[in-house]
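Below: protein31.txt (compact mmCIF, C-alpha atoms)
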# COMPACT_ATOMS: atom_id res chain seq x y z
CA MET A 23 -94.16 47.73 28.14
CA GLU A 24 -95.88 44.38 27.53
CA THR A 25 -94.25 42.99 30.64
CA MET A 26 -95.81 45.76 32.72
CA LEU A 27 -99.18 45.00 31.13
CA PHE A 28 -98.81 41.30 32.01
CA ILE A 29 -97.77 42.14 35.55
CA LEU A 30 -100.66 44.56 35.95
CA SER A 31 -103.22 41.95 34.83
CA ALA A 32 -101.53 39.30 36.96
CA PHE A 33 -101.78 41.57 40.00
CA SER A 34 -105.44 42.32 39.36
CA LEU A 35 -106.12 38.55 39.23
CA ILE A 36 -104.09 37.92 42.40
CA LEU A 37 -105.82 40.71 44.30
CA THR A 38 -109.27 39.61 43.10
CA GLY A 39 -108.55 36.12 44.37
CA LEU A 40 -107.14 37.35 47.66
CA PHE A 41 -110.15 39.60 48.22
CA GLY A 42 -112.43 36.64 47.62
CA VAL A 43 -110.51 34.43 50.04
CA LEU A 44 -110.59 37.10 52.74
CA THR A 45 -114.22 38.13 52.49
CA ARG A 46 -116.35 35.25 51.23
CA LYS A 47 -117.93 32.64 53.49
CA ASN A 48 -119.11 30.11 50.95
CA LEU A 49 -116.51 27.34 50.67
CA VAL A 50 -116.94 26.87 46.92
CA LYS A 51 -116.45 30.59 46.40
CA ILE A 52 -113.28 30.48 48.50
CA LEU A 53 -111.98 27.62 46.36
CA LEU A 54 -112.82 29.56 43.18
CA SER A 55 -110.99 32.59 44.57
CA LEU A 56 -107.97 30.41 45.32
CA ASN A 57 -108.00 29.21 41.71
CA ILE A 58 -108.17 32.79 40.43
CA LEU A 59 -105.25 33.66 42.75
CA GLU A 60 -103.28 30.74 41.37
CA THR A 61 -103.95 31.79 37.78
CA GLY A 62 -102.69 35.25 38.59
CA ILE A 63 -99.51 33.88 40.14
CA ASN A 64 -98.92 31.68 37.10
CA LEU A 65 -99.35 34.69 34.81
CA LEU A 66 -96.94 36.69 37.00
CA VAL A 67 -94.27 33.98 36.87
CA VAL A 68 -94.58 33.61 33.09
CA SER A 69 -94.50 37.37 32.56
CA LEU A 70 -91.21 37.64 34.48
CA GLY A 71 -89.62 35.45 31.80
CA TYR A 72 -90.95 37.50 28.89
CA PHE A 73 -88.67 39.44 26.59
CA GLN A 74 -89.98 41.83 24.00
CA GLY A 75 -89.99 40.15 20.58
CA GLY A 76 -88.82 36.82 22.00
CA SER A 77 -90.07 33.65 20.36
CA ALA A 78 -91.14 30.35 21.92
CA PRO A 79 -88.15 28.37 23.24
CA ILE A 80 -88.20 25.61 20.59
CA LEU A 81 -85.07 25.16 18.49
CA THR A 82 -85.91 25.34 14.80
CA ASN A 83 -82.71 26.94 13.53
CA SER A 84 -79.21 26.74 14.90
CA ILE A 85 -78.41 29.08 17.76
CA SER A 86 -75.07 30.18 19.08
CA ALA A 87 -73.86 32.39 21.88
CA ALA A 88 -72.15 34.73 19.41
CA GLN A 89 -75.28 35.69 17.46
CA GLY A 90 -77.40 36.26 20.53
CA ILE A 91 -80.48 34.23 21.36
CA ASN A 92 -83.95 35.63 20.82
CA PHE A 93 -86.02 33.34 23.02
CA VAL A 94 -88.21 33.98 25.99
CA ASP A 95 -87.01 32.46 29.28
CA PRO A 96 -88.14 28.78 29.31
CA LEU A 97 -87.66 28.18 33.03
CA PRO A 98 -90.87 29.96 34.21
CA HIS A 99 -92.85 27.95 31.66
CA ALA A 100 -91.58 24.71 33.18
CA LEU A 101 -92.39 25.96 36.70
CA VAL A 102 -95.91 26.99 35.67
CA LEU A 103 -96.46 23.59 34.04
CA THR A 104 -95.73 22.05 37.44
CA SER A 105 -97.93 24.57 39.22
CA ILE A 106 -100.96 23.97 36.97
CA VAL A 107 -100.90 20.21 37.56
CA ILE A 108 -100.54 20.64 41.33
CA GLY A 109 -103.41 23.15 41.25
CA LEU A 110 -105.60 20.56 39.57
CA GLY A 111 -104.82 17.96 42.23
CA THR A 112 -105.41 20.30 45.14
CA THR A 113 -108.67 21.54 43.62
CA ALA A 114 -109.95 17.98 43.26
CA LEU A 115 -109.01 17.19 46.87
CA ALA A 116 -110.58 20.41 48.16
CA LEU A 117 -113.79 19.71 46.26
CA THR A 118 -113.94 16.29 47.92
CA LEU A 119 -113.50 17.87 51.35
CA ILE A 120 -116.22 20.42 50.59
CA LEU A 121 -118.53 17.62 49.46
CA ASN A 122 -117.92 15.77 52.74
CA HIS A 123 -118.54 18.97 54.71
CA PHE A 124 -121.79 19.50 52.85
CA ARG A 125 -122.90 15.95 53.51
CA SER A 126 -122.28 16.20 57.24
CA HIS A 127 -123.50 19.76 57.86
CA ARG A 128 -125.95 20.39 55.00
CA ALA A 129 -124.30 23.79 54.51
CA LEU A 130 -121.70 25.14 52.16
CA GLU A 131 -120.53 27.73 54.68
CA PHE A 132 -118.42 27.69 57.77
CA VAL A 133 -120.64 26.60 60.62
CA LYS A 134 -120.08 27.53 64.22
CA LEU A 135 -119.30 24.46 66.28
CA GLU A 136 -121.78 24.15 69.12
CA VAL A 137 -120.09 22.62 72.12
CA ASN A 138 -122.29 21.09 74.75
CA GLU A 139 -121.18 22.40 78.10
CA MET B 29 -122.83 39.05 61.83
CA LYS B 30 -124.54 40.85 58.97
CA ARG B 31 -123.69 44.24 60.47
CA ASN B 32 -119.94 43.64 60.22
CA GLU B 33 -119.92 42.55 56.61
CA PRO B 34 -119.05 45.91 54.97
CA LEU B 35 -116.35 46.42 57.60
CA ILE B 36 -114.78 43.04 56.77
CA ASN B 37 -114.84 43.83 53.05
CA LEU B 38 -113.21 47.21 53.65
CA PHE B 39 -110.53 45.65 55.83
CA GLY B 40 -109.79 43.06 53.12
CA LEU B 41 -109.54 45.80 50.49
CA ILE B 42 -107.08 47.84 52.56
CA LEU B 43 -105.00 44.74 53.32
CA ILE B 44 -104.65 43.70 49.68
CA ILE B 45 -103.83 47.26 48.55
CA LEU B 46 -101.00 47.31 51.11
CA LEU B 47 -99.81 43.91 49.88
CA ALA B 48 -99.89 45.09 46.25
CA VAL B 49 -97.77 48.15 47.05
CA PHE B 50 -95.19 46.09 48.96
CA THR B 51 -94.98 43.44 46.23
CA TYR B 52 -94.55 46.05 43.52
CA LEU B 53 -91.78 47.75 45.49
CA ALA B 54 -90.03 44.40 46.03
CA LEU B 55 -90.21 43.53 42.32
CA THR B 56 -88.75 46.84 41.18
CA ASP B 57 -86.21 47.25 43.97
CA GLY B 58 -82.94 48.02 42.18
CA ARG B 59 -80.63 48.26 45.19
CA GLN B 60 -79.23 44.77 44.57
CA GLY B 61 -78.10 45.85 41.11
CA LEU B 62 -80.65 43.84 39.13
CA THR B 63 -84.42 43.69 39.23
CA MET B 64 -86.51 40.80 37.96
CA LEU B 65 -87.47 42.92 34.98
CA SER B 66 -84.02 44.08 33.90
CA ALA B 67 -82.12 40.76 33.89
CA ASP B 68 -81.19 39.72 30.36
CA LEU B 69 -81.29 36.16 29.12
CA GLU B 70 -77.49 35.92 29.38
CA GLN B 71 -77.74 36.59 33.11
CA ARG B 72 -80.29 33.88 33.77
CA VAL B 73 -80.03 30.16 34.46
CA SER B 74 -81.99 29.35 31.30
CA TYR B 75 -79.11 30.53 29.11
CA SER B 76 -77.19 27.31 29.64
CA TYR B 77 -80.38 25.25 29.28
CA LEU B 78 -80.88 26.85 25.86
CA LEU B 79 -77.29 26.21 24.78
CA LYS B 80 -77.33 22.70 26.31
CA ASN B 81 -74.09 23.22 28.18
CA VAL B 82 -75.11 22.74 31.80
CA THR B 83 -72.48 20.05 32.43
CA ALA B 84 -68.89 20.41 31.26
CA ALA B 85 -69.16 17.18 29.25
CA GLY B 86 -72.12 18.50 27.27
CA ARG B 87 -70.29 21.59 26.06
CA THR B 88 -70.16 21.73 22.26
CA GLU B 89 -68.22 24.56 20.69
CA ASN B 90 -67.56 25.76 17.16
CA GLN B 91 -64.12 26.65 15.88
CA HIS B 92 -64.24 30.05 17.57
CA GLY B 93 -64.78 28.45 20.94
CA GLN B 94 -68.35 29.64 21.32
CA ALA B 95 -71.21 27.44 22.38
CA GLU B 96 -73.72 26.68 19.65
CA VAL B 97 -76.58 24.25 19.06
CA ILE B 98 -77.47 23.03 15.58
CA PRO B 99 -80.59 20.87 14.96
CA GLY B 100 -79.79 17.59 13.20
CA ARG B 101 -76.46 17.03 14.93
CA GLU B 102 -75.82 14.38 17.56
CA GLY B 103 -73.96 14.37 20.80
CA TYR B 104 -75.69 17.01 22.89
CA GLU B 105 -76.25 16.36 26.56
CA ASN B 106 -80.01 16.55 26.01
CA GLY B 107 -81.91 15.54 22.91
CA ALA B 108 -85.04 17.66 23.15
CA VAL B 109 -85.68 20.52 20.72
CA ASN B 110 -88.38 21.87 23.02
CA ILE B 111 -86.42 23.52 25.83
CA VAL B 112 -89.35 23.45 28.26
CA THR B 113 -89.48 19.66 27.84
CA ALA B 114 -85.72 19.51 28.36
CA ILE B 115 -86.10 21.34 31.66
CA VAL B 116 -89.17 19.43 32.85
CA THR B 117 -88.00 15.90 32.03
CA ASP B 118 -84.24 16.15 32.30
CA TYR B 119 -82.63 19.12 34.03
CA ARG B 120 -85.28 19.51 36.71
CA MET B 121 -86.78 16.05 36.67
CA LEU B 122 -86.70 15.88 40.48
CA ASP B 123 -89.24 18.75 40.58
CA THR B 124 -91.44 16.88 38.15
CA PHE B 125 -91.17 13.72 40.22
CA GLY B 126 -92.31 15.68 43.28
CA GLU B 127 -95.19 17.08 41.27
CA ILE B 128 -96.20 13.56 40.23
CA LEU B 129 -96.09 12.49 43.88
CA VAL B 130 -98.38 15.43 44.78
CA LEU B 131 -100.80 14.42 42.03
CA PHE B 132 -100.68 10.82 43.31
CA ALA B 133 -101.40 12.02 46.85
CA ALA B 134 -104.34 14.08 45.60
CA SER B 135 -105.72 11.13 43.66
CA ALA B 136 -105.31 8.79 46.64
CA GLY B 137 -106.90 11.38 48.94
CA VAL B 138 -109.90 11.77 46.67
CA SER B 139 -110.52 8.03 46.55
CA LEU B 140 -110.00 7.80 50.32
CA LEU B 141 -112.25 10.68 51.30
CA MET B 142 -114.98 10.23 48.73
CA VAL B 143 -117.71 8.54 50.71
CA GLU B 144 -119.85 5.95 49.07
CA ARG B 145 -123.17 7.45 48.25
CA LYS B 146 -126.35 6.17 46.76
CA ARG B 147 -126.53 6.98 43.13
CA GLY B 148 -129.63 8.84 42.07
CA LYS B 149 -131.58 7.50 39.17
CA ALA B 150 -129.83 9.05 36.20
CA LYS B 151 -131.49 9.22 32.85
CA GLU B 152 -129.92 6.89 30.35
CA ALA B 153 -127.96 8.52 27.55
CA SER B 154 -129.64 8.67 24.19
CA GLU B 155 -128.79 6.49 21.22
CA ILE B 156 -126.97 9.35 19.47
CA VAL B 157 -124.62 9.86 22.42
CA LYS B 158 -123.97 6.14 22.77
CA THR B 159 -123.07 5.87 19.06
CA ALA B 160 -120.96 9.01 18.90
CA VAL B 161 -118.92 8.61 22.07
CA PRO B 162 -116.76 5.64 20.89
CA ILE B 163 -115.83 7.53 17.70
CA ILE B 164 -114.93 10.70 19.63
CA MET B 165 -113.03 8.53 22.13
CA LEU B 166 -110.93 7.11 19.30
CA PHE B 167 -110.02 10.60 18.08
CA ALA B 168 -109.23 11.78 21.61
CA LEU B 169 -107.00 8.75 22.26
CA VAL B 170 -105.10 9.24 18.99
CA THR B 171 -104.63 12.95 19.73
CA GLY B 172 -103.42 12.15 23.23
CA PHE B 173 -100.88 9.60 21.99
CA TYR B 174 -99.70 12.08 19.35
CA ILE B 175 -99.20 14.84 21.94
CA ILE B 176 -97.34 12.50 24.30
CA SER B 177 -95.07 11.02 21.63
CA HIS B 178 -94.12 14.44 20.22
CA GLY B 179 -93.42 15.98 23.61
CA HIS B 180 -89.74 16.54 22.84
CA LEU B 181 -90.48 18.34 19.56
CA THR B 182 -93.63 20.41 19.94
CA PRO B 183 -95.48 22.10 22.81
CA GLY B 184 -97.31 19.50 24.85
CA GLY B 185 -96.04 16.30 26.37
CA GLY B 186 -97.08 13.93 29.10
CA PHE B 187 -99.33 16.19 31.14
CA PRO B 188 -101.59 17.66 28.38
CA GLY B 189 -101.58 14.37 26.47
CA GLY B 190 -102.54 12.48 29.62
CA ALA B 191 -105.35 14.95 30.23
CA VAL B 192 -106.65 14.44 26.67
CA ILE B 193 -106.62 10.66 27.13
CA ALA B 194 -108.37 11.04 30.49
CA SER B 195 -111.05 13.16 28.81
CA ALA B 196 -111.80 10.20 26.52
CA PHE B 197 -112.40 7.96 29.55
CA ILE B 198 -114.48 10.66 31.26
CA LEU B 199 -116.68 10.77 28.17
CA GLN B 200 -117.08 7.01 28.42
CA PHE B 201 -118.07 7.22 32.09
CA LEU B 202 -120.63 9.92 31.33
CA ALA B 203 -122.18 8.14 28.37
CA PHE B 204 -122.28 4.54 29.63
CA GLN B 205 -122.40 5.27 33.38
CA LYS B 206 -120.02 2.61 34.45
CA SER B 207 -116.56 2.82 35.91
CA SER B 208 -115.57 -0.81 36.02
CA ARG B 209 -111.93 -0.14 35.18
CA LYS B 210 -111.12 1.66 38.42
CA LYS B 211 -108.84 -1.13 39.59
CA ALA B 212 -107.05 -1.22 36.22
CA PHE B 213 -106.39 2.51 36.49
CA LYS B 214 -104.88 2.08 39.94
CA ILE B 215 -102.63 -0.75 38.74
CA LEU B 216 -101.53 1.20 35.64
CA GLU B 217 -100.79 4.25 37.76
CA SER B 218 -98.65 2.26 40.20
CA LEU B 219 -96.74 0.56 37.37
CA ALA B 220 -96.00 3.91 35.71
CA GLY B 221 -94.84 5.33 39.05
CA ILE B 222 -92.54 2.34 39.63
CA GLY B 223 -91.22 2.77 36.08
CA LEU B 224 -90.43 6.44 36.66
CA LEU B 225 -88.64 5.71 39.93
CA SER B 226 -86.63 2.92 38.31
CA MET B 227 -85.62 5.28 35.47
CA GLY B 228 -84.30 7.63 38.15
CA LEU B 229 -82.49 4.86 40.02
CA ILE B 230 -80.90 3.46 36.84
CA GLY B 231 -79.69 6.98 36.07
CA LEU B 232 -78.27 7.19 39.59
CA TYR B 233 -76.51 3.84 39.17
CA LEU B 234 -75.07 4.44 35.68
CA GLU B 235 -74.42 8.19 35.58
CA GLY B 236 -74.09 9.12 39.22
CA SER B 237 -77.05 11.44 39.69
CA LEU B 238 -80.77 10.81 40.12
CA PHE B 239 -82.75 10.91 36.85
CA ALA B 240 -79.57 11.42 34.80
CA ASN B 241 -80.06 10.60 31.13
CA PHE B 242 -78.39 7.27 30.33
CA LEU B 243 -79.88 6.58 26.90
CA PRO B 244 -78.52 7.93 23.58
CA THR B 245 -79.94 11.33 22.66
CA GLY B 246 -79.90 10.82 18.89
CA PRO B 247 -79.96 13.56 16.26
CA LEU B 248 -81.46 16.76 17.58
CA GLY B 249 -84.94 17.34 16.17
CA ALA B 250 -85.62 13.86 14.75
CA THR B 251 -88.99 12.27 15.49
CA ILE B 252 -87.42 9.24 17.19
CA SER B 253 -84.73 10.86 19.30
CA ALA B 254 -84.07 11.55 22.95
CA ALA B 255 -85.07 8.03 24.07
CA GLY B 256 -84.90 8.88 27.77
CA ILE B 257 -87.26 11.83 27.40
CA MET B 258 -89.69 9.81 25.27
CA ILE B 259 -89.82 7.00 27.85
CA ILE B 260 -90.22 9.40 30.78
CA TYR B 261 -92.95 11.36 29.03
CA ALA B 262 -94.79 8.17 28.04
CA LEU B 263 -94.75 7.02 31.69
CA ILE B 264 -95.89 10.46 32.87
CA GLY B 265 -98.68 10.41 30.29
CA ILE B 266 -99.90 6.99 31.45
CA LYS B 267 -99.76 8.08 35.09
CA VAL B 268 -101.56 11.39 34.55
CA ALA B 269 -104.24 9.76 32.38
CA ALA B 270 -104.86 7.02 34.97
CA GLU B 271 -104.91 9.50 37.87
CA LEU B 272 -107.30 11.94 36.21
CA SER B 273 -109.56 9.10 35.09
CA SER B 274 -109.70 7.63 38.58
CA ILE B 275 -110.35 11.06 40.16
CA SER B 276 -113.21 11.73 37.76
CA ALA B 277 -114.54 8.19 38.22
CA ASP B 278 -114.63 8.87 41.97
CA PHE B 279 -116.49 12.11 41.38
CA ILE B 280 -118.97 10.64 38.94
CA GLY B 281 -119.65 7.86 41.41
CA GLU B 282 -120.35 4.19 41.32
Just give me the structure as structure tokens.
Amino acid sequence: METMLFILSAFSLILTGLFGVLTRKNLVKILLSLNILETGINLLVVSLGYFQGGSAPILTNSISAAQGINFVDPLPHALVLTSIVIGLGTTALALTLILNHFRSHRALEFVKLEVNE
Amino acid sequence: MKRNEPLINLFGLILIILLAVFTYLALTDGRQGLTMLSADLEQRVSYSYLLKNVTAAGRTENQHGQAEVIPGREGYENGAVNIVTAIVTDYRMLDTFGEILVLFAASAGVSLLMVERKRGKAKEASEIVKTAVPIIMLFALVTGFYIISHGHLTPGGGFPGGAVIASAFILQFLAFQKSSRKKAFKILESLAGIGLLSMGLIGLYLEGSLFANFLPTGPLGATISAAGIMIIYALIGIKVAAELSSISADFIGE
């Protein structure tokens, strides 16, 4: 039940971001939409590792295969940790590119290239 | 151009609704036997990460022949109590190394592409800010070191701790408006990167696989344990802190 709720909210974030990427023209808004999309994907990946009633994957008591383990899946957490850091780097680089575009064109939107014939 | 705008929005809406339907069908497709939602923990890769028996040598069994992990004991293949840390810094360290390379490329790209620009006349920070910032910086640095050094025990580790340390330096840039340590950040970042690569190569030389753990793991759950993970997370923390500081110094400007 909770997993479906997570997936539903993740999908709404992903689709909001995708809609922004497809329909906006302002470069900063496109970058923001990409970040929203990325947040949704992170939430989706984490929610696929969720088990109802599972606790955080940190060993405080002894665990064994016989008793059954009541942890959530730790692998998506590690993947999302990677994804967040990469998202930060790409956002910084994209902001630099947008800044350069603004400095050369004085516009934050896609401009039509005028070719002299 | 303006006339087509509602049409473009409608087209985007239809496209993403189609994509949502297809993705939902793919996630809940049960024809392969299992869906992403029905797989139990026993059927996933993480099960052996949790029981620390990925390699045959790391298998520890009780008298009934079942795998078990008890905090306080020694001799597990990985010394981290926090399983996410165990995955990030040991089992899937190659992924993390690639991530660090991406972050390095982003940092280098920002300093390469950021054009020199004339700095506008900024108002000098007030006396209150100038007095408070060193104190807050001290707290932020201590918190960052704490998060990095307890990465194998508690949530956190090199990346969040590095970000906290970088926030201290960003505060300094904003309050005193100087970024004279840019070169030092670059040098520190390169040294940490070389250290990480040499950890991987020593693991390759001694244990036979890249980034294999070659240091003693110690008792599970002790503060000073898992030496390899502590060293790797300290290097990652230094690298992330230096990279984020240099990116923000580029953005704040000369």
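Among the candidates B:Leu62, B:Ala48, B:Val161, B:Leu234, the residue lying nearest to chain A is B:Ala48 (atoms considered: only C-alpha atoms).
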Please identify all polymer residues within 9 Å of A:Glu60, counting all atoms listed in the file, omitting same-chain residues fewer than 4 positions from it, and present them as a ChimeraX atom specification. /A:35-36,39,55-56,64-65,105-106,109
Take the residues from that selection and write them out as an mmCIF file, in the coordinates of the input, keeping C-alpha atoms.
data_model
loop_
_atom_site.group_PDB
_atom_site.id
_atom_site.type_symbol
_atom_site.label_atom_id
_atom_site.label_comp_id
_atom_site.auth_asym_id
_atom_site.auth_seq_id
_atom_site.Cartn_x
_atom_site.Cartn_y
_atom_site.Cartn_z
ATOM 1 C CA LEU A 35 -106.120 38.550 39.230
ATOM 2 C CA ILE A 36 -104.090 37.920 42.400
ATOM 3 C CA GLY A 39 -108.550 36.120 44.370
ATOM 4 C CA SER A 55 -110.990 32.590 44.570
ATOM 5 C CA LEU A 56 -107.970 30.410 45.320
ATOM 6 C CA ASN A 64 -98.920 31.680 37.100
ATOM 7 C CA LEU A 65 -99.350 34.690 34.810
ATOM 8 C CA SER A 105 -97.930 24.570 39.220
ATOM 9 C CA ILE A 106 -100.960 23.970 36.970
ATOM 10 C CA GLY A 109 -103.410 23.150 41.250
#
Could you tell me how far atom CA of B:Phe187 sits from atom CA of B:Phe167, in Å to one decimal place? 17.8 Å
Using all atoms listed in the file, what residues lie at most 6 Å away from (-85.9, 34.6, 28.4) (file coordinates), given as a ChimeraX atom specification? /A:71-73,93-95 /B:69
Write out as a PyMOL selection string each polymer residue whose atoms come within 7 Å of A:Leu130, counting all atoms listed in the file; drop sequence neighbours fewer than 5 positions from it. chain A and resi 48-49+124
Can you work out which one of B:Ile42, B:Ala84, B:Val116, B:Ala134 has the shortest atom-to-atom distance to A:Thr113, counting only C-alpha atoms?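 Going through B:Ile42, B:Ala84, B:Val116, B:Ala134 one by one, the smallest distance to A:Thr113 is for B:Ala134.
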I'd like the contact shell of A:Gly90 - 10 Å cut-off, all atoms listed in the file, skipping same-chain residues fewer than 4 positions apart - returned as a PyMOL selection string. (chain A and resi 85-86) or (chain B and resi 69-70)
Using all atoms listed in the file, which of B:Gly58, B:Gly256, B:Gly126, B:Gly223 sits nearest chain A?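 Between B:Gly58, B:Gly256, B:Gly126, B:Gly223, the residue approaching chain A most closely is B:Gly126.
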What's the 12 Å shell around A:Ile120, counting only C-alpha atoms, without same-chain residues fewer than 6 positions away, as a ChimeraX atom specification? /A:48-53,113-114,126-132 /B:138,141-143
With only C-alpha atoms counted and 7 Å as the cut-off, give the residues of chain B in contact with chain A, each with its shortest interatomic distance in Å and the pair that gives it, as JSON lines.
{"residue": "B:Ile36", "atom": "CA", "partner": "A:Thr45", "partner_atom": "CA", "distance": 6.5}
{"residue": "B:Asn37", "atom": "CA", "partner": "A:Thr45", "partner_atom": "CA", "distance": 5.8}
{"residue": "B:Gly40", "atom": "CA", "partner": "A:Phe41", "partner_atom": "CA", "distance": 6.0}
{"residue": "B:Leu41", "atom": "CA", "partner": "A:Phe41", "partner_atom": "CA", "distance": 6.6}
{"residue": "B:Ile44", "atom": "CA", "partner": "A:Leu37", "partner_atom": "CA", "distance": 6.3}
{"residue": "B:Met64", "atom": "CA", "partner": "A:Leu70", "partner_atom": "CA", "distance": 6.6}
{"residue": "B:Leu65", "atom": "CA", "partner": "A:Leu70", "partner_atom": "CA", "distance": 6.5}
{"residue": "B:Leu69", "atom": "CA", "partner": "A:Asp95", "partner_atom": "CA", "distance": 6.8}
{"residue": "B:Ser74", "atom": "CA", "partner": "A:Leu97", "partner_atom": "CA", "distance": 6.0}
{"residue": "B:Gln94", "atom": "CA", "partner": "A:Ala87", "partner_atom": "CA", "distance": 6.2}
{"residue": "B:Ala95", "atom": "CA", "partner": "A:Ala87", "partner_atom": "CA", "distance": 5.6}
{"residue": "B:Glu96", "atom": "CA", "partner": "A:Ser86", "partner_atom": "CA", "distance": 3.8}
{"residue": "B:Val97", "atom": "CA", "partner": "A:Ile85", "partner_atom": "CA", "distance": 5.3}
{"residue": "B:Ile98", "atom": "CA", "partner": "A:Ser84", "partner_atom": "CA", "distance": 4.2}
{"residue": "B:Pro99", "atom": "CA", "partner": "A:Ser84", "partner_atom": "CA", "distance": 6.0}
{"residue": "B:Val109", "atom": "CA", "partner": "A:Leu81", "partner_atom": "CA", "distance": 5.2}
{"residue": "B:Asn110", "atom": "CA", "partner": "A:Ile80", "partner_atom": "CA", "distance": 4.5}
{"residue": "B:Ile111", "atom": "CA", "partner": "A:Pro79", "partner_atom": "CA", "distance": 5.8}
{"residue": "B:Val112", "atom": "CA", "partner": "A:Ala100", "partner_atom": "CA", "distance": 5.5}
{"residue": "B:Ile115", "atom": "CA", "partner": "A:Ala100", "partner_atom": "CA", "distance": 6.6}
{"residue": "B:Val116", "atom": "CA", "partner": "A:Ala100", "partner_atom": "CA", "distance": 5.8}
{"residue": "B:Thr124", "atom": "CA", "partner": "A:Thr104", "partner_atom": "CA", "distance": 6.8}
{"residue": "B:Glu127", "atom": "CA", "partner": "A:Thr104", "partner_atom": "CA", "distance": 6.3}
{"residue": "B:Val130", "atom": "CA", "partner": "A:Ile108", "partner_atom": "CA", "distance": 6.6}
{"residue": "B:Leu131", "atom": "CA", "partner": "A:Gly111", "partner_atom": "CA", "distance": 5.4}
{"residue": "B:Ala134", "atom": "CA", "partner": "A:Gly111", "partner_atom": "CA", "distance": 5.2}
{"residue": "B:Gly137", "atom": "CA", "partner": "A:Leu115", "partner_atom": "CA", "distance": 6.5}
{"residue": "B:Val138", "atom": "CA", "partner": "A:Leu115", "partner_atom": "CA", "distance": 5.5}
{"residue": "B:Leu141", "atom": "CA", "partner": "A:Thr118", "partner_atom": "CA", "distance": 6.8}
{"residue": "B:Met142", "atom": "CA", "partner": "A:Thr118", "partner_atom": "CA", "distance": 6.2}
Using the file's own x, y and z axes, so that the box edges lie along x, y and z, what centre and edge lengths in Å (one decimal) does a box around every listed atom of stretch 242-253 of chain B get when 5 Å is added on each side? Give it as JSON.
{"center_x": -83.7, "center_y": 12.0, "center_z": 22.5, "size_x": 20.6, "size_y": 20.8, "size_z": 25.6}
So how many Å separate atom CA of B:Lys206 and atom CA of B:Ala277, to one decimal? 8.7 Å
For atom CA of B:Ala160 and atom CA of B:Leu199, determine how far apart the two atoms are, in Å to one decimal place.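 Between these atoms lies a distance of 10.4 Å.
The residue that comes closest to B:Ala262, out of B:Ser195, B:Ser139, B:Thr117, B:Gln205 and on the basis of only C-alpha atoms, is B:Thr117.
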Place N, CA and C atoms on stretch 37-50 of chain A and deliver the coordinates as an mmCIF file, in the frame of the given file.
data_model
loop_
_atom_site.group_PDB
_atom_site.id
_atom_site.type_symbol
_atom_site.label_atom_id
_atom_site.label_comp_id
_atom_site.auth_asym_id
_atom_site.auth_seq_id
_atom_site.Cartn_x
_atom_site.Cartn_y
_atom_site.Cartn_z
ATOM 1 N N LEU A 37 -105.110 39.954 43.272
ATOM 2 C CA LEU A 37 -105.820 40.710 44.300
ATOM 3 C C LEU A 37 -107.305 40.355 44.311
ATOM 4 N N THR A 38 -107.879 40.077 43.127
ATOM 5 C CA THR A 38 -109.270 39.610 43.100
ATOM 6 C C THR A 38 -109.417 38.321 43.894
ATOM 7 N N GLY A 39 -108.474 37.385 43.654
ATOM 8 C CA GLY A 39 -108.550 36.120 44.370
ATOM 9 C C GLY A 39 -108.369 36.289 45.862
ATOM 10 N N LEU A 40 -107.409 37.149 46.240
ATOM 11 C CA LEU A 40 -107.140 37.350 47.660
ATOM 12 C C LEU A 40 -108.335 37.987 48.354
ATOM 13 N N PHE A 41 -108.957 38.951 47.660
ATOM 14 C CA PHE A 41 -110.150 39.600 48.220
ATOM 15 C C PHE A 41 -111.256 38.571 48.435
ATOM 16 N N GLY A 42 -111.414 37.672 47.460
ATOM 17 C CA GLY A 42 -112.430 36.640 47.620
ATOM 18 C C GLY A 42 -112.141 35.722 48.780
ATOM 19 N N VAL A 43 -110.864 35.325 48.933
ATOM 20 C CA VAL A 43 -110.510 34.430 50.040
ATOM 21 C C VAL A 43 -110.757 35.105 51.375
ATOM 22 N N LEU A 44 -110.467 36.419 51.444
ATOM 23 C CA LEU A 44 -110.590 37.100 52.740
ATOM 24 C C LEU A 44 -112.028 37.384 53.112
ATOM 25 N N THR A 45 -112.899 37.607 52.132
ATOM 26 C CA THR A 45 -114.220 38.130 52.490
ATOM 27 C C THR A 45 -115.372 37.177 52.257
ATOM 28 N N ARG A 46 -115.209 36.131 51.483
ATOM 29 C CA ARG A 46 -116.350 35.250 51.230
ATOM 30 C C ARG A 46 -116.508 34.240 52.372
ATOM 31 N N LYS A 47 -117.711 33.679 52.483
ATOM 32 C CA LYS A 47 -117.930 32.640 53.490
ATOM 33 C C LYS A 47 -118.269 31.299 52.862
ATOM 34 N N ASN A 48 -118.783 31.350 51.630
ATOM 35 C CA ASN A 48 -119.110 30.110 50.950
ATOM 36 C C ASN A 48 -117.826 29.375 50.551
ATOM 37 N N LEU A 49 -117.763 28.079 50.881
ATOM 38 C CA LEU A 49 -116.510 27.340 50.670
ATOM 39 C C LEU A 49 -116.172 27.202 49.185
ATOM 40 N N VAL A 50 -117.206 27.008 48.349
ATOM 41 C CA VAL A 50 -116.940 26.870 46.920
ATOM 42 C C VAL A 50 -116.409 28.177 46.353
#
